[in-house]
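Peer 1: protein.tsv is reproduced below (TSV, C-alpha atoms).
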chain	number	residue	atom	x	y	z
A	1	MET	CA	24.26	-34.86	214.64
A	2	ARG	CA	27.33	-35.97	212.68
A	3	TYR	CA	29.45	-33.08	211.45
A	4	ASP	CA	30.76	-35.11	208.52
A	5	LEU	CA	27.26	-34.99	207.01
A	6	ILE	CA	27.45	-31.19	207.01
A	7	VAL	CA	30.78	-31.08	205.19
A	8	ARG	CA	29.45	-33.61	202.68
A	9	GLY	CA	26.51	-31.27	202.19
A	10	LEU	CA	28.87	-28.37	201.56
A	11	GLU	CA	30.72	-30.36	198.92
A	12	ALA	CA	27.43	-31.46	197.34
A	13	TYR	CA	26.16	-27.87	197.22
A	14	ARG	CA	29.35	-26.70	195.51
A	15	LYS	CA	29.23	-29.49	192.93
A	16	GLN	CA	25.50	-29.00	192.26
A	17	SER	CA	26.28	-25.33	191.66
A	18	ASN	CA	29.04	-26.34	189.19
A	19	ILE	CA	31.67	-24.35	191.09
A	20	LEU	CA	35.32	-25.31	191.50
A	21	GLN	CA	36.88	-25.17	194.96
A	22	ASN	CA	39.06	-22.26	193.89
A	23	ASP	CA	36.05	-20.24	192.71
A	24	MET	CA	34.11	-20.97	195.89
A	25	ALA	CA	37.13	-19.95	197.96
A	26	GLU	CA	37.36	-16.69	196.05
A	27	TYR	CA	33.67	-15.98	196.69
A	28	LEU	CA	34.15	-16.66	200.41
A	29	ASN	CA	37.29	-14.51	200.46
A	30	ILE	CA	39.53	-17.33	201.66
A	31	THR	CA	42.29	-19.36	200.02
A	32	GLN	CA	41.65	-22.60	198.15
A	33	SER	CA	43.60	-24.43	200.84
A	34	GLN	CA	41.39	-22.94	203.56
A	35	TYR	CA	38.27	-23.90	201.65
A	36	SER	CA	39.54	-27.45	201.11
A	37	LYS	CA	39.89	-27.81	204.89
A	38	LEU	CA	36.23	-26.82	205.27
A	39	GLU	CA	35.12	-29.64	202.97
A	40	LEU	CA	37.48	-32.08	204.69
A	41	GLY	CA	36.08	-31.14	208.09
A	42	LYS	CA	39.47	-29.97	209.34
A	43	THR	CA	38.15	-26.42	209.89
A	44	LYS	CA	34.71	-25.63	211.25
A	45	ILE	CA	32.30	-23.83	208.92
A	46	SER	CA	32.07	-20.42	210.56
A	47	TYR	CA	29.10	-18.06	210.75
A	48	ASP	CA	30.85	-15.76	208.28
A	49	VAL	CA	31.09	-18.57	205.73
A	50	LEU	CA	27.47	-19.58	206.36
A	51	SER	CA	26.33	-15.98	205.94
A	52	LYS	CA	28.07	-15.69	202.56
A	53	LEU	CA	26.63	-19.02	201.43
A	54	TYR	CA	23.18	-17.89	202.53
A	55	LYS	CA	23.50	-14.68	200.52
A	56	ARG	CA	24.51	-16.79	197.55
A	57	GLY	CA	21.23	-18.70	197.81
A	58	CYS	CA	22.34	-21.80	199.70
A	59	ASP	CA	19.62	-23.39	201.84
A	60	ILE	CA	21.45	-23.35	205.18
A	61	ASP	CA	18.78	-25.49	206.84
A	62	MET	CA	19.28	-28.21	204.24
A	63	LEU	CA	23.07	-27.91	204.50
A	64	ILE	CA	23.16	-28.31	208.28
A	65	THR	CA	20.10	-30.41	209.14
A	66	GLY	CA	19.13	-32.16	205.90
A	67	GLU	CA	15.70	-30.54	206.17
A	68	GLY	CA	15.00	-27.61	203.86
A	69	THR	CA	13.69	-24.17	204.79
A	70	ASN	CA	9.90	-23.80	204.67
A	71	ALA	CA	8.87	-21.58	201.77
A	72	ILE	CA	7.14	-18.29	202.60
A	73	LEU	CA	3.57	-18.11	201.31
A	74	PRO	CA	2.85	-15.53	198.59
A	75	SER	CA	0.38	-13.77	200.90
A	76	LEU	CA	3.22	-13.10	203.35
A	77	GLU	CA	5.77	-11.88	200.81
A	78	LYS	CA	4.74	-8.24	201.25
A	79	ILE	CA	5.49	-8.55	204.97
A	80	TYR	CA	8.87	-10.07	204.18
A	81	VAL	CA	9.98	-7.04	202.19
A	82	GLU	CA	8.47	-4.50	204.61
A	83	SER	CA	11.19	-2.04	205.66
A	84	ASP	CA	9.19	-0.19	208.33
A	85	VAL	CA	10.07	-2.01	211.57
A	86	GLN	CA	7.00	-0.85	213.48
A	87	ARG	CA	4.67	-1.89	210.70
A	88	PHE	CA	6.41	-5.24	210.27
A	89	ASN	CA	6.07	-5.92	214.00
A	90	SER	CA	2.36	-5.01	214.04
A	91	TRP	CA	1.71	-7.41	211.16
A	92	LEU	CA	3.70	-10.12	212.88
A	93	LYS	CA	1.63	-9.65	216.06
A	94	LEU	CA	-1.49	-10.26	214.00
A	95	CYS	CA	0.01	-13.43	212.55
A	96	GLU	CA	1.04	-14.62	216.02
A	97	TRP	CA	-2.53	-14.07	217.26
A	98	ALA	CA	-3.87	-16.17	214.39
A	99	MET	CA	-1.30	-18.91	214.99
A	100	GLU	CA	-2.18	-19.14	218.67
A	101	HIS	CA	-5.82	-19.73	217.78
A	102	TRP	CA	-4.92	-22.36	215.17
A	103	ILE	CA	-2.77	-24.27	217.65
A	104	GLU	CA	-5.60	-24.24	220.20
A	105	GLU	CA	-8.03	-25.31	217.48
A	106	ASP	CA	-5.84	-28.28	216.55
A	107	GLY	CA	-5.18	-29.15	220.19
A	108	LYS	CA	-1.51	-29.75	219.49
A	109	GLU	CA	1.63	-28.91	221.39
A	110	GLU	CA	3.19	-25.53	220.65
A	111	GLN	CA	6.40	-25.90	218.66
A	112	ILE	CA	9.62	-23.93	219.11
A	113	GLY	CA	8.90	-21.67	216.12
A	114	SER	CA	5.63	-20.36	217.52
A	115	LYS	CA	7.23	-19.96	220.97
A	116	LEU	CA	9.99	-17.83	219.45
A	117	LEU	CA	7.46	-15.76	217.52
A	118	LYS	CA	5.52	-15.10	220.73
A	119	ILE	CA	8.66	-13.92	222.52
A	120	PHE	CA	9.57	-11.72	219.56
A	121	VAL	CA	6.23	-9.88	219.47
A	122	HIS	CA	5.66	-9.62	223.23
A	123	ALA	CA	9.06	-9.52	224.95
A	124	ASP	CA	12.17	-7.36	225.02
A	125	THR	CA	13.38	-7.00	221.44
A	126	ASP	CA	16.92	-6.23	222.67
A	127	MET	CA	17.43	-9.91	223.43
A	128	THR	CA	19.77	-11.71	221.08
A	129	PRO	CA	18.35	-14.58	218.99
A	130	LEU	CA	20.13	-17.17	221.14
A	131	GLU	CA	18.75	-15.63	224.34
A	132	LYS	CA	15.22	-15.73	222.91
A	133	LEU	CA	15.72	-19.36	221.95
A	134	ARG	CA	16.92	-20.29	225.43
A	135	LYS	CA	13.89	-18.62	227.01
A	136	ALA	CA	11.55	-20.31	224.52
A	137	TYR	CA	13.24	-23.65	225.30
A	138	GLY	CA	12.78	-22.91	229.01
A	139	VAL	CA	16.26	-23.65	230.35
A	140	SER	CA	19.06	-21.87	232.21
A	141	GLN	CA	22.29	-20.71	230.60
A	142	GLN	CA	24.14	-23.66	232.15
A	143	GLN	CA	21.59	-26.13	230.81
A	144	MET	CA	21.76	-24.57	227.36
A	145	ALA	CA	25.56	-24.67	227.44
A	146	ASP	CA	25.45	-28.39	228.34
A	147	THR	CA	22.85	-29.01	225.63
A	148	ILE	CA	24.93	-27.57	222.78
A	149	GLY	CA	28.26	-28.84	224.11
A	150	VAL	CA	30.14	-25.72	225.24
A	151	ASN	CA	31.32	-24.46	228.62
A	152	ILE	CA	29.31	-21.78	230.40
A	153	LYS	CA	31.90	-19.07	229.73
A	154	LYS	CA	31.73	-19.62	225.98
A	155	TYR	CA	27.95	-19.93	226.05
A	156	ARG	CA	27.57	-16.54	227.73
A	157	GLN	CA	29.72	-14.99	225.00
A	158	LEU	CA	27.60	-16.73	222.36
A	159	GLU	CA	24.38	-15.49	223.93
A	160	LYS	CA	25.68	-11.92	224.04
A	161	GLY	CA	26.64	-12.17	220.38
A	162	ASN	CA	30.35	-11.66	221.10
A	163	ILE	CA	31.05	-15.06	219.53
A	164	LEU	CA	29.08	-16.24	216.50
A	165	LEU	CA	27.66	-19.72	216.07
A	166	ASP	CA	29.39	-22.09	213.66
A	167	ALA	CA	27.72	-24.86	211.65
A	168	GLU	CA	28.43	-27.55	214.26
A	169	LEU	CA	26.84	-25.54	217.08
A	170	MET	CA	23.80	-24.76	214.91
A	171	ALA	CA	23.47	-28.49	214.26
A	172	ASN	CA	23.63	-29.20	218.01
A	173	ILE	CA	20.99	-26.55	218.65
A	174	TYR	CA	18.69	-28.03	216.01
A	175	GLU	CA	19.11	-31.54	217.38
A	176	ALA	CA	18.15	-30.36	220.88
A	177	THR	CA	15.47	-27.74	220.17
A	178	LYS	CA	14.34	-28.28	216.54
A	179	CYS	CA	15.10	-24.60	215.87
A	180	LYS	CA	16.38	-24.42	212.31
A	181	PRO	CA	19.66	-22.62	211.51
A	182	SER	CA	17.79	-20.15	209.27
A	183	TYR	CA	16.60	-18.53	212.51
A	184	PHE	CA	20.15	-17.29	213.08
A	185	MET	CA	20.65	-16.25	209.45
A	186	ASN	CA	17.43	-14.28	208.94
A	187	GLU	CA	15.21	-14.04	212.01
A	188	ASN	CA	12.34	-12.20	210.29
A	189	GLY	CA	12.31	-14.63	207.38
A	190	TYR	CA	12.32	-17.54	209.85
A	191	TYR	CA	9.18	-16.29	211.58
A	192	LEU	CA	7.36	-15.93	208.27
A	193	SER	CA	8.38	-19.45	207.24
A	194	VAL	CA	7.00	-20.75	210.57
A	195	ILE	CA	3.70	-18.94	209.97
A	196	SER	CA	3.58	-20.25	206.40
A	197	GLU	CA	4.08	-23.82	207.60
A	198	GLU	CA	1.29	-23.43	210.18
A	199	CYS	CA	-1.06	-22.22	207.42
A	200	ARG	CA	-0.44	-25.42	205.47
A	201	TYR	CA	-1.73	-27.57	208.34
A	202	GLY	CA	-5.33	-26.42	207.93
A	203	GLN	CA	-7.76	-25.48	205.20
A	204	ASN	CA	-8.41	-21.83	204.36
A	205	ARG	CA	-5.79	-20.57	206.79
A	206	GLU	CA	-3.90	-18.63	204.15
A	207	GLU	CA	-7.18	-16.96	203.15
A	208	GLN	CA	-7.91	-16.13	206.81
A	209	LEU	CA	-4.48	-14.57	207.12
A	210	LYS	CA	-4.92	-12.57	203.93
A	211	ASP	CA	-8.23	-11.22	205.26
A	212	LEU	CA	-6.63	-10.22	208.57
A	213	LEU	CA	-3.75	-8.47	206.83
A	214	SER	CA	-6.19	-6.68	204.53
A	215	ILE	CA	-8.14	-5.39	207.53
A	216	GLN	CA	-4.88	-4.28	209.14
A	217	GLU	CA	-3.90	-2.38	205.99
A	218	LYS	CA	-7.25	-0.58	205.84
A	219	PHE	CA	-6.94	0.32	209.50
A	220	GLU	CA	-3.47	1.78	208.92
A	221	GLU	CA	-4.70	3.79	205.94
A	222	THR	CA	-7.42	5.45	208.01
A	223	ASP	CA	-5.29	5.93	211.15
Could you show the structure in this file as structure tokens?
Peer 2:
Amino acid sequence: MRYDLIVRGLEAYRKQSNILQNDMAEYLNITQSQYSKLELGKTKISYDVLSKLYKRGCDIDMLITGEGTNAILPSLEKIYVESDVQRFNSWLKLCEWAMEHWIEEDGKEEQIGSKLLKIFVHADTDMTPLEKLRKAYGVSQQQMADTIGVNIKKYRQLEKGNILLDAELMANIYEATKCKPSYFMNENGYYLSVISEECRYGQNREEQLKDLLSIQEKFEETD
């Protein structure tokens, strides 16, 4: 994936937002000169910059991959804002169960999003997002390092979270695995967007999900 397309996307986002370079630099807490180098591709767009752009409302998936983030269905919005971790996880397990049945029903290959969701609800939650992705992709650390174009030493630091992914590495990851950058910006939101997209593939799936969540709520009320 060509990095120059990403920096063009950054410039396009700024101009569409009617923001001068100096104002964008101030928002990102960098100098205008430093920001100019981002748009020129002379400095890599760091995770910190991406995080601030994301908080500002920038679609990071569109910026890096040219493919926008899947919108979360209204029926899943209440899960999205759920602050109780245990309750959020129990609802997500229910959604994962439904998704597994839909995939079997359609007879299609399981995509990376549903694989990541399965790991999230069933495996060790102490794993970093990159470690979960590698396991979902089914490769070794060395293979993953080769895939995204870094040496094994750097990859291990990335997987531990000691080094954060920049825009170019997120683009490499997407090209290899089809895992969108939004996964690294907001993991919970990413899972709900994956579920929402799966609902759109079949009729009445959103209604089925709403019914399941309603049953879950009633069960929690009587527990």
Peer 1: By how many Å are atom CA of A:Lys78 and atom CA of A:Leu63 apart?
Peer 2: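 If I compute the distance from atom CA of A:Lys78 to atom CA of A:Leu63, I get 27.1 Å.
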Peer 1: Could you tell me how far atom CA of A:Ser75 lies from atom CA of A:Gly202, in Å and to one decimal?
Peer 2: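 Those two atoms sit 15.6 Å apart.
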Peer 1: Would you mind listing what lies within 9 Å of A:Gln32 as an MDAnalysis selection string, with only C-alpha atoms counted and same-chain residues fewer than 3 positions away left out?
Peer 2: chainID A and resid 21:26 35:37
Peer 1: Rounded to one decimal, what separation in Å do you get between atom CA of A:Glu11 and atom CA of A:Tyr174?
Peer 2: 21.0 Å
Peer 1: Using only C-alpha atoms - which residues lie no farther than 10 Å from the point (18.8, -25.0, 196.9) in the file's frame? Write them as a PyMOL selection string.
Peer 2: chain A and resi 13+16-17+57-63+68-69
Peer 1: Check the smallest atom-to-atom distance from each of A:Glu100, A:Asp48, A:Glu159, A:Asp126 to A:Glu198 using only C-alpha atoms, then report the winner.
Peer 2: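 Selected residue with least distance to A:Glu198: A:Glu100.
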Peer 1: I need every residue sitting at most 10 Å from the point (1.1, -20.6, 216.2) (coordinates as in the file, only C-alpha atoms considered), written as JSON, numbers by chain.
Peer 2: {"A": [95, 96, 97, 98, 99, 100, 101, 102, 103, 104, 109, 110, 111, 112, 113, 114, 115, 116, 117, 118, 194, 195, 197, 198, 199]}
Peer 1: Report, as AutoDock Vina command-line options, the axis-aligned box around all atoms of stretch 4-9 of chain A present in the file, extended by 4 Å on each side; give centre and edge lengths in Å to one decimal place.
Peer 2:
--center_x 28.6 --center_y -33.1 --center_z 205.4 --size_x 12.3 --size_y 12.0 --size_z 14.3
Peer 1: Looking at only C-alpha atoms, which of A:Trp91, A:Tyr3, A:Tyr80, A:Tyr27 is the one that sits closest to A:Thr43?
Peer 2: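 Closest to A:Thr43, using only C-alpha atoms: A:Tyr3.
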Peer 1: Hey, which of A:Ser193, A:Arg2, A:Tyr201, A:Ser214 ends up closest to A:Ala71? Count all atoms listed in the file.
Peer 2: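 The closest residue to A:Ala71 is A:Ser193.
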Peer 1: At a cut-off of 9 Å, using all atoms listed in the file, what residues contact A:Leu94? Leave out same-chain residues fewer than 6 positions from it and give the result as a ChimeraX atom specification.
Peer 2: /A:209,212-213,216
Peer 1: Counting only C-alpha atoms, what is within 12 Å of A:Asn172, bar same-chain residues fewer than 2 positions away, as an mmCIF file with C-alpha atoms, keeping the file's coordinate frame?
Peer 2:
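out12.cif, written as the output of this step:
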data_model
loop_
_atom_site.group_PDB
_atom_site.id
_atom_site.type_symbol
_atom_site.label_atom_id
_atom_site.label_comp_id
_atom_site.auth_asym_id
_atom_site.auth_seq_id
_atom_site.Cartn_x
_atom_site.Cartn_y
_atom_site.Cartn_z
ATOM 1 C CA MET A 1 24.260 -34.860 214.640
ATOM 2 C CA ARG A 2 27.330 -35.970 212.680
ATOM 3 C CA TYR A 3 29.450 -33.080 211.450
ATOM 4 C CA ILE A 6 27.450 -31.190 207.010
ATOM 5 C CA ILE A 64 23.160 -28.310 208.280
ATOM 6 C CA THR A 65 20.100 -30.410 209.140
ATOM 7 C CA MET A 144 21.760 -24.570 227.360
ATOM 8 C CA ALA A 145 25.560 -24.670 227.440
ATOM 9 C CA ASP A 146 25.450 -28.390 228.340
ATOM 10 C CA THR A 147 22.850 -29.010 225.630
ATOM 11 C CA ILE A 148 24.930 -27.570 222.780
ATOM 12 C CA GLY A 149 28.260 -28.840 224.110
ATOM 13 C CA VAL A 150 30.140 -25.720 225.240
ATOM 14 C CA LEU A 165 27.660 -19.720 216.070
ATOM 15 C CA ASP A 166 29.390 -22.090 213.660
ATOM 16 C CA ALA A 167 27.720 -24.860 211.650
ATOM 17 C CA GLU A 168 28.430 -27.550 214.260
ATOM 18 C CA LEU A 169 26.840 -25.540 217.080
ATOM 19 C CA MET A 170 23.800 -24.760 214.910
ATOM 20 C CA TYR A 174 18.690 -28.030 216.010
ATOM 21 C CA GLU A 175 19.110 -31.540 217.380
ATOM 22 C CA ALA A 176 18.150 -30.360 220.880
ATOM 23 C CA THR A 177 15.470 -27.740 220.170
ATOM 24 C CA LYS A 178 14.340 -28.280 216.540
ATOM 25 C CA CYS A 179 15.100 -24.600 215.870
ATOM 26 C CA LYS A 180 16.380 -24.420 212.310
ATOM 27 C CA PRO A 181 19.660 -22.620 211.510
#
Peer 1: Calculated over all atoms listed in the file, which of the candidates A:Arg8, A:Ile152, A:Leu76, A:Tyr54 has the smallest distance to A:Glu206?
Peer 2: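 Closest candidate: A:Leu76.
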Peer 1: Write out as number ranges by chain each polymer residue whose atoms come within 12 Å of A:Ile163, counting all atoms listed in the file; drop sequence neighbours fewer than 5 positions from it.
Peer 2: A: 46-48, 128, 130, 153-158, 169
Peer 1: When you count only C-alpha atoms, which of these residues is closest to A:Lys55: A:Ser182, A:Asn188, A:Ser33, A:Ser83?
Peer 2: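 Counting only C-alpha atoms, the residue closest to A:Lys55 is A:Ser182.
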Peer 1: Set the distance at 10 Å and use only C-alpha atoms: which residues neighbour A:Asn89 once local chain neighbours fewer than 3 positions away are removed? I'd like the list as a list of chain:residue names.
Peer 2: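 The residues satisfying every condition are A:Ile79, A:Glu82, A:Asp84, A:Val85, A:Gln86, A:Leu92, A:Lys93, A:Leu94, A:Cys95, A:Phe120, A:Val121, A:His122, A:Asn188.
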